[in-house]
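Engineer: Sharing a structure with you now.
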There are 2 protein chains.
Amino acid sequence: VVRVALDLMGGDDAPVAVVDAALLVAAARPEIEVVLVGPLDVAERLLAARGASGRFALAAATEHVTMDEDGARAVRAKKDATVRVVHRLVRDGEADAAVSAGSTGAVLTAAVLTLGRTALRPALAVVVPTPRGPVVLLDAGATVEGSVEHLEQHARLGAAYAAVLGTDDPRTGLLNVGAEQGKGDQLRKDAFAALERAPLRFVGNVEGHDVVLGGKADVVVTDGFTGNVLLKGLEAALQLSGQQSPPVSAILLGVDGVSVVGHGAASAADIAACVEVAAQAVTQGLVARLAEALERQQPQGVTP
Amino acid sequence: VVRVALDLMGGDDAPVAVVDAALLVAAARPEIEVVLVGPLDVAERLLAARGASGRFALAAATEHVTMDEDGARAVRAKKDATVRVVHRLVRDGEADAAVSAGSTGAVLTAAVLTLGRTALRPALAVVVPTPRGPVVLLDAGATVEGSVEHLEQHARLGAAYAAVLGTDDPRTGLLNVGAEQGKGDQLRKDAFAALERAPLRFVGNVEGHDVVLGGKADVVVTDGFTGNVLLKGLEAALQLSGQQSPPVSAILLGVDGVSVVGHGAASAADIAACVEVAAQAVTQGLVARLAEALERQQPQGVTP
């Protein structure tokens, strides 16, 4: 059994969509136990209205962070916010994973404050479905200033996550403005060299279209500024096209626990998908595998 | 009459698509005079096969840059490359604008070498069609290292270009990871302050989705790294969706002449559209208006 702490008040359609998500999970995945985290009266009322009183464990949280607040600041101010309590349950061993469709900034801050970091900077990883298989894109916006060290760590974290998702020996590419070596700004040139030396199957530079079309790399690493701009652009383009769903969840890599963020506009089905992503990360031992990926030594080269 | 020098050998489907583009332009827009620039025998043979011998002015160029070459380097080595000759005709007053669907790097280098710069760094501007009107996105990849000075100049160039395209008093936004002031990396924070002081209708930060959905800004300014990644991602997403055409042309702002780059995969219709974009820039006095935009003084504030 995997226990997932779910933020009752996170997302544009919370708390209704969250309770409906819990019911969807309960119906489809009996091995996942959802803990609803929020005002108990709200949870009980919504469950009663669905004839589901007593179906879920509840955990009280009296405050929550709204989408129009500065997430990072609000989380610090509200000690009993739902987004803090879901992570506290994970820290205290009362849940295996935290899920919230609230403000990404709030989730990031709550996860780092409560669980602690295992990487220099955590990264937000998104799985982009492509015609040639899923692509893990990171950092999608946890950091804003890029550095070679962050890119190198995030590449390792992303590769470990792709492996957890079932891709054997994933190929990692560096997002750049051209495929040839030597392209890009100084950060990319330096990162290219670092990634070549890292214990990764590094396939070199990839471009914006490779994130969408797939086929060149299973993991695409970039700084959080570029990743965030690209992801938001792609989400809107896919939304406009009306044909393909944009990614609905992002997972935080580099904190000491499993934490999944849903899109603010997430539907009940989207939030249920986030819970399943979180549960899969738990059963696949994500946190331990990420720690191992960060510790792994660079391959021993021939010393000149 | 506007004379447009057209690179016969630029693009994946050149020279056939280029000659067909010239015929499309001649049929639809008699006030545009196309000069085909390339090997004369190739041009004459293709025109003869279409019963169009003598329909177009021809200018000889014996070399060309292929898509698999390093554009910048190849342009320097090949003095008689088509992409250099189209710009030389503009410099010498024998044409009003240059159009090529060849390598962007080659066009950039040829334009800067031949025409000279009018901005610190030229920018590549792309018009993204959105449900709420066109959005001018720049820099789409002419520079790779961002700086406040480049962003400020490019914002001015972009706003002048949007005005040339018919948007009165265009709104300019800074591409960032959130809408609120204070978001982003140090470059964005500094650029925000500079754009507030600039002679622009600055609407603050915008996000990746605003480039696709429109409505918040008519001009979106970013560094060439981010702009290039975003544009390539959007092109691929639109291509996958099969519903909306990606932008087919980019115009170079900040060189002393009109230079339009087509997508490498451009069809005859796409190349014809590039020629029309170039002709419109000429008739609207783009180069003079860009120069004026760069010279414009910041509004006189109240001195403290």
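Lettering and numbering for the structure tokens are positional, with chains as A, B, ... in the shown order, residues counted from 1 in each chain, and ligands counted from 1 in the shown order.
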Name the residues of stretch 86-145 of chain B that come out as strand (DSSP E) in a backbone DSSP run; write them as a PyMOL selection string.

Structural biologist: chain B and resi 97-100+123-128+135-138

Engineer: With C-alpha atoms retained, export the selected residues as a PDB file, in the first residue's frame.

Structural biologist:
```pdb
ATOM      1  CA  ALA B  97      15.419  43.966 -49.900  1.00  0.00           C
ATOM      2  CA  ALA B  98      17.095  40.566 -49.632  1.00  0.00           C
ATOM      3  CA  VAL B  99      15.262  37.270 -49.098  1.00  0.00           C
ATOM      4  CA  SER B 100      16.757  33.835 -48.504  1.00  0.00           C
ATOM      5  CA  ALA B 123      17.786  40.611 -33.649  1.00  0.00           C
ATOM      6  CA  LEU B 124      15.760  38.060 -35.540  1.00  0.00           C
ATOM      7  CA  ALA B 125      12.066  38.920 -35.264  1.00  0.00           C
ATOM      8  CA  VAL B 126       9.275  36.456 -35.940  1.00  0.00           C
ATOM      9  CA  VAL B 127       5.574  37.200 -36.196  1.00  0.00           C
ATOM     10  CA  VAL B 128       3.582  34.552 -34.325  1.00  0.00           C
ATOM     11  CA  VAL B 135       2.786  38.811 -31.683  1.00  0.00           C
ATOM     12  CA  VAL B 136       6.284  39.923 -32.673  1.00  0.00           C
ATOM     13  CA  LEU B 137       8.768  37.672 -30.839  1.00  0.00           C
ATOM     14  CA  LEU B 138      12.416  38.690 -30.742  1.00  0.00           C
TER      15      LEU B 138
END
```

Engineer: How would chain A read as a short mmCIF file (atom, residue, chain, number, x, y, z; two decimals) with C-alpha atoms, in the first residue's frame once least-squares superposed on chain B using all paired C-alpha atoms?

Structural biologist:
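File out_30.cif, as written:
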```cif
data_model
loop_
_atom_site.label_atom_id
_atom_site.label_comp_id
_atom_site.auth_asym_id
_atom_site.auth_seq_id
_atom_site.Cartn_x
_atom_site.Cartn_y
_atom_site.Cartn_z
CA VAL A 1 7.98 49.22 -57.62
CA VAL A 2 9.89 47.30 -54.98
CA ARG A 3 12.83 45.17 -56.05
CA VAL A 4 13.51 42.07 -53.97
CA ALA A 5 16.70 40.05 -54.43
CA LEU A 6 15.83 36.40 -53.91
CA ASP A 7 18.37 33.68 -53.09
CA LEU A 8 17.83 31.00 -55.75
CA MET A 9 19.75 28.37 -53.80
CA GLY A 10 18.36 28.95 -50.29
CA GLY A 11 16.15 26.31 -48.65
CA ASP A 12 15.62 22.57 -48.71
CA ASP A 13 13.58 22.71 -51.93
CA ALA A 14 15.72 25.25 -53.77
CA PRO A 15 16.05 26.10 -56.57
CA VAL A 16 12.65 24.76 -57.71
CA ALA A 17 10.61 26.18 -54.84
CA VAL A 18 12.35 29.55 -55.25
CA VAL A 19 11.52 29.86 -58.95
CA ASP A 20 7.94 28.84 -58.23
CA ALA A 21 7.83 31.45 -55.48
CA ALA A 22 8.95 34.11 -57.93
CA LEU A 23 6.13 33.12 -60.28
CA LEU A 24 3.59 33.28 -57.44
CA VAL A 25 4.76 36.76 -56.52
CA ALA A 26 4.68 37.93 -60.13
CA ALA A 27 1.10 36.71 -60.50
CA ALA A 28 -0.22 38.13 -57.24
CA ARG A 29 1.83 41.26 -56.71
CA PRO A 30 2.87 42.93 -59.97
CA GLU A 31 4.35 45.88 -58.07
CA ILE A 32 7.06 43.58 -56.67
CA GLU A 33 10.00 42.92 -58.98
CA VAL A 34 11.92 39.78 -58.09
CA VAL A 35 15.61 39.48 -58.93
CA LEU A 36 16.71 35.85 -58.92
CA VAL A 37 20.23 35.48 -57.56
CA GLY A 38 22.20 32.34 -58.36
CA PRO A 39 23.78 30.33 -61.16
CA LEU A 40 22.34 31.83 -64.33
CA ASP A 41 22.09 28.50 -66.15
CA VAL A 42 20.04 26.99 -63.34
CA ALA A 43 17.69 29.95 -63.28
CA GLU A 44 17.30 30.02 -67.06
CA ARG A 45 16.66 26.31 -67.32
CA LEU A 46 13.96 26.35 -64.62
CA LEU A 47 12.31 29.44 -66.07
CA ALA A 48 12.35 27.98 -69.59
CA ALA A 49 10.71 24.79 -68.32
CA ARG A 50 7.88 26.98 -66.95
CA GLY A 51 7.57 29.08 -70.11
CA ALA A 52 8.83 32.05 -68.12
CA SER A 53 12.15 32.84 -69.77
CA GLY A 54 12.99 36.49 -69.44
CA ARG A 55 10.23 37.16 -66.88
CA PHE A 56 12.68 38.02 -64.09
CA ALA A 57 15.87 39.97 -63.72
CA LEU A 58 18.74 37.62 -62.90
CA ALA A 59 21.95 38.27 -60.99
CA ALA A 60 24.82 35.81 -61.11
CA ALA A 61 26.22 34.12 -58.01
CA THR A 62 28.42 31.11 -58.53
CA GLU A 63 28.56 29.65 -55.01
CA HIS A 64 26.08 28.89 -52.29
CA VAL A 65 25.98 27.84 -48.66
CA THR A 66 24.39 24.47 -47.98
CA MET A 67 22.23 23.69 -44.95
CA ASP A 68 24.79 21.27 -43.49
CA GLU A 69 27.62 23.81 -43.45
CA ASP A 70 28.38 26.14 -40.56
CA GLY A 71 26.56 29.12 -42.04
CA ALA A 72 28.67 31.85 -40.50
CA ARG A 73 31.95 30.25 -41.53
CA ALA A 74 30.81 29.26 -45.02
CA VAL A 75 29.60 32.78 -45.78
CA ARG A 76 33.01 34.18 -44.91
CA ALA A 77 34.72 31.65 -47.16
CA LYS A 78 32.41 31.95 -50.15
CA LYS A 79 32.62 35.52 -51.41
CA ASP A 80 30.30 34.82 -54.32
CA ALA A 81 27.66 32.90 -52.37
CA THR A 82 24.05 33.67 -53.29
CA VAL A 83 23.34 34.78 -49.72
CA ARG A 84 26.13 37.36 -49.96
CA VAL A 85 25.09 38.59 -53.38
CA VAL A 86 21.45 39.24 -52.39
CA HIS A 87 22.71 41.53 -49.63
CA ARG A 88 25.31 43.13 -51.91
CA LEU A 89 22.54 44.12 -54.32
CA VAL A 90 20.74 45.83 -51.44
CA ARG A 91 23.89 47.59 -50.29
CA ASP A 92 24.57 48.83 -53.84
CA GLY A 93 21.02 50.06 -54.36
CA GLU A 94 20.24 47.50 -57.03
CA ALA A 95 17.58 45.88 -54.85
CA ASP A 96 15.45 47.17 -51.98
CA ALA A 97 15.42 43.97 -49.91
CA ALA A 98 17.09 40.57 -49.63
CA VAL A 99 15.24 37.28 -49.09
CA SER A 100 16.74 33.84 -48.48
CA ALA A 101 15.35 30.57 -47.17
CA GLY A 102 18.89 29.35 -46.56
CA SER A 103 20.69 28.82 -43.26
CA THR A 104 19.79 31.49 -40.73
CA GLY A 105 23.38 31.71 -39.59
CA ALA A 106 24.49 32.36 -43.16
CA VAL A 107 21.89 35.07 -43.70
CA LEU A 108 22.79 36.78 -40.42
CA THR A 109 26.48 36.79 -41.18
CA ALA A 110 26.01 37.92 -44.77
CA ALA A 111 23.66 40.73 -43.72
CA VAL A 112 25.97 42.02 -41.01
CA LEU A 113 29.09 41.76 -43.18
CA THR A 114 27.51 43.36 -46.22
CA LEU A 115 24.95 45.83 -44.92
CA GLY A 116 26.48 46.67 -41.54
CA ARG A 117 24.78 46.91 -38.17
CA THR A 118 22.60 49.73 -36.90
CA ALA A 119 22.05 48.16 -33.45
CA LEU A 120 24.61 46.78 -30.99
CA ARG A 121 23.42 43.36 -32.10
CA PRO A 122 20.83 42.63 -34.74
CA ALA A 123 17.79 40.62 -33.69
CA LEU A 124 15.76 38.08 -35.57
CA ALA A 125 12.07 38.94 -35.29
CA VAL A 126 9.27 36.48 -35.96
CA VAL A 127 5.58 37.23 -36.21
CA VAL A 128 3.59 34.58 -34.35
CA PRO A 129 -0.09 34.45 -35.37
CA THR A 130 -2.32 34.15 -32.28
CA PRO A 131 -6.09 34.08 -31.72
CA ARG A 132 -5.78 37.64 -30.42
CA GLY A 133 -3.61 39.10 -33.16
CA PRO A 134 0.00 38.84 -34.25
CA VAL A 135 2.80 38.84 -31.69
CA VAL A 136 6.30 39.95 -32.68
CA LEU A 137 8.78 37.70 -30.86
CA LEU A 138 12.42 38.71 -30.77
CA ASP A 139 15.31 37.85 -30.55
CA ALA A 140 14.63 34.45 -32.07
CA GLY A 141 18.29 33.54 -32.18
CA ALA A 142 20.57 36.17 -33.70
CA THR A 143 22.44 36.52 -30.40
CA VAL A 144 23.06 33.86 -27.78
CA GLU A 145 24.30 35.87 -24.82
CA GLY A 146 21.64 38.13 -23.37
CA SER A 147 22.33 41.58 -21.94
CA VAL A 148 20.17 44.42 -20.69
CA GLU A 149 21.39 46.66 -23.51
CA HIS A 150 20.45 44.11 -26.16
CA LEU A 151 17.04 43.51 -24.62
CA GLU A 152 16.35 47.23 -24.44
CA GLN A 153 17.42 47.86 -28.04
CA HIS A 154 15.57 44.82 -29.30
CA ALA A 155 12.41 45.94 -27.53
CA ARG A 156 12.62 49.27 -29.37
CA LEU A 157 13.28 47.55 -32.68
CA GLY A 158 10.41 45.12 -32.11
CA ALA A 159 7.98 47.90 -31.24
CA ALA A 160 8.96 49.84 -34.36
CA TYR A 161 8.48 46.71 -36.44
CA ALA A 162 5.04 46.04 -34.92
CA ALA A 163 4.09 49.61 -35.83
CA VAL A 164 5.27 49.01 -39.41
CA LEU A 165 3.05 45.94 -39.46
CA GLY A 166 0.08 48.09 -38.51
CA THR A 167 -0.20 47.89 -34.72
CA ASP A 168 -0.67 51.36 -33.29
CA ASP A 169 1.28 52.08 -30.13
CA PRO A 170 2.24 48.43 -29.63
CA ARG A 171 2.44 46.95 -26.15
CA THR A 172 5.83 45.46 -25.32
CA GLY A 173 6.29 42.66 -22.78
CA LEU A 174 9.40 41.05 -21.30
CA LEU A 175 9.37 37.26 -21.53
CA ASN A 176 9.71 35.88 -18.01
CA VAL A 177 8.76 32.99 -15.73
CA GLY A 178 5.90 34.86 -14.07
CA ALA A 179 3.79 37.93 -14.62
CA GLU A 180 4.64 39.75 -11.39
CA GLN A 181 7.43 42.32 -11.18
CA GLY A 182 10.56 40.90 -9.53
CA LYS A 183 10.30 37.52 -11.27
CA GLY A 184 13.14 35.88 -13.12
CA ASP A 185 16.90 35.91 -13.15
CA GLN A 186 19.08 38.97 -12.64
CA LEU A 187 19.04 39.77 -16.36
CA ARG A 188 15.23 39.96 -16.35
CA LYS A 189 15.14 42.07 -13.18
CA ASP A 190 17.61 44.54 -14.66
CA ALA A 191 15.89 44.51 -18.05
CA PHE A 192 12.52 45.18 -16.43
CA ALA A 193 13.88 48.38 -14.92
CA ALA A 194 15.48 49.42 -18.23
CA LEU A 195 12.29 48.77 -20.17
CA GLU A 196 10.26 50.81 -17.70
CA ARG A 197 12.48 53.79 -18.47
CA ALA A 198 12.57 53.20 -22.25
CA PRO A 199 10.36 55.13 -24.71
CA LEU A 200 8.00 52.17 -25.04
CA ARG A 201 4.52 51.14 -24.00
CA PHE A 202 5.96 48.54 -21.62
CA VAL A 203 3.34 46.20 -20.14
CA GLY A 204 5.69 44.28 -17.84
CA ASN A 205 6.43 40.58 -17.72
CA VAL A 206 4.69 38.08 -19.95
CA GLU A 207 5.02 34.28 -20.06
CA GLY A 208 5.54 31.55 -22.65
CA HIS A 209 1.82 31.10 -23.22
CA ASP A 210 1.35 34.80 -23.98
CA VAL A 211 3.45 34.35 -27.13
CA VAL A 212 0.99 31.70 -28.33
CA LEU A 213 -2.32 33.01 -27.04
CA GLY A 214 -1.67 36.73 -27.55
CA GLY A 215 -3.69 39.45 -25.88
CA LYS A 216 -1.15 40.72 -23.37
CA ALA A 217 1.58 42.15 -25.56
CA ASP A 218 2.09 42.86 -29.26
CA VAL A 219 5.86 42.57 -28.90
CA VAL A 220 7.61 40.02 -26.69
CA VAL A 221 11.30 40.59 -26.12
CA THR A 222 13.73 37.96 -24.88
CA ASP A 223 17.33 36.88 -25.30
CA GLY A 224 18.18 34.96 -28.46
CA PHE A 225 18.78 31.71 -26.59
CA THR A 226 15.34 31.57 -24.98
CA GLY A 227 13.64 32.94 -28.08
CA ASN A 228 15.21 30.32 -30.33
CA VAL A 229 14.33 27.42 -28.03
CA LEU A 230 10.75 28.65 -27.65
CA LEU A 231 10.24 29.27 -31.36
CA LYS A 232 11.55 25.84 -32.36
CA GLY A 233 9.37 24.21 -29.72
CA LEU A 234 6.27 26.09 -30.88
CA GLU A 235 6.95 25.33 -34.54
CA ALA A 236 7.11 21.63 -33.74
CA ALA A 237 3.98 21.74 -31.58
CA LEU A 238 2.02 23.54 -34.29
CA GLN A 239 3.36 21.15 -36.90
CA LEU A 240 2.25 18.16 -34.78
CA SER A 241 -1.18 19.63 -34.28
CA GLY A 242 -1.52 20.06 -38.03
CA GLN A 243 -3.96 22.87 -37.52
CA GLN A 244 -2.02 26.06 -37.55
CA SER A 245 0.95 27.04 -39.68
CA PRO A 246 4.08 28.02 -37.85
CA PRO A 247 5.66 31.37 -38.76
CA VAL A 248 7.39 31.07 -42.13
CA SER A 249 9.65 34.09 -42.05
CA ALA A 250 11.92 36.01 -39.75
CA ILE A 251 13.15 39.51 -40.39
CA LEU A 252 16.51 40.83 -39.32
CA LEU A 253 16.25 44.06 -37.33
CA GLY A 254 19.32 46.18 -36.65
CA VAL A 255 21.12 45.88 -39.99
CA ASP A 256 21.23 48.67 -42.54
CA GLY A 257 18.75 47.21 -45.00
CA VAL A 258 15.80 44.85 -45.25
CA SER A 259 16.70 41.17 -44.95
CA VAL A 260 14.16 38.38 -44.53
CA VAL A 261 14.96 34.73 -43.74
CA GLY A 262 12.60 31.95 -44.69
CA HIS A 263 12.31 28.65 -42.91
CA GLY A 264 14.66 26.03 -44.37
CA ALA A 265 11.67 23.79 -45.13
CA ALA A 266 9.85 26.66 -46.87
CA SER A 267 7.50 25.84 -49.75
CA ALA A 268 7.11 28.07 -52.80
CA ALA A 269 4.12 29.75 -51.12
CA ASP A 270 6.17 30.29 -47.95
CA ILE A 271 9.01 31.89 -49.90
CA ALA A 272 6.52 34.06 -51.77
CA ALA A 273 5.18 35.16 -48.36
CA CYS A 274 8.73 36.08 -47.32
CA VAL A 275 9.07 38.24 -50.43
CA GLU A 276 5.83 40.02 -49.53
CA VAL A 277 7.04 40.56 -45.95
CA ALA A 278 10.23 42.09 -47.34
CA ALA A 279 8.33 44.30 -49.79
CA GLN A 280 6.01 45.54 -47.05
CA ALA A 281 9.01 46.43 -44.90
CA VAL A 282 10.42 48.46 -47.79
CA THR A 283 7.23 50.35 -48.60
CA GLN A 284 6.64 51.08 -44.92
CA GLY A 285 10.12 52.54 -44.53
CA LEU A 286 11.20 49.96 -41.95
CA VAL A 287 14.90 50.80 -41.83
CA ALA A 288 14.34 54.50 -41.23
CA ARG A 289 11.71 53.78 -38.60
CA LEU A 290 14.00 51.38 -36.80
CA ALA A 291 16.77 53.97 -36.80
CA GLU A 292 14.37 56.52 -35.39
CA ALA A 293 13.22 54.09 -32.69
CA LEU A 294 16.80 53.53 -31.56
CA GLU A 295 17.49 57.27 -31.43
CA ARG A 296 14.35 58.21 -29.57
CA GLN A 297 15.03 59.73 -26.16
CA GLN A 298 13.63 58.37 -22.96
CA PRO A 299 10.64 60.36 -21.75
CA GLN A 300 11.66 63.25 -19.52
CA GLY A 301 10.70 62.24 -15.97
CA VAL A 302 10.36 64.46 -12.96
CA THR A 303 13.82 64.75 -11.44
CA PRO A 304 13.69 63.89 -7.77
#
```

Engineer: Apply DSSP to the backbone of this structure and, from stretch 49-254 of chain A, keep only the residues in alpha helix (DSSP H); write these as JSON, numbers by chain.

Structural biologist: {"A": [49, 71, 72, 73, 74, 75, 76, 77, 82, 83, 84, 85, 86, 87, 88, 89, 90, 91, 104, 105, 106, 107, 108, 109, 110, 111, 112, 113, 114, 115, 148, 149, 150, 151, 152, 153, 154, 155, 156, 157, 158, 159, 160, 161, 162, 163, 164, 186, 187, 188, 189, 190, 191, 192, 193, 194, 195, 196, 197, 208, 209, 210, 211, 212, 213, 224, 225, 226, 227, 228, 229, 230, 231, 232, 233, 234, 235, 236, 237, 238, 239, 240, 241]}
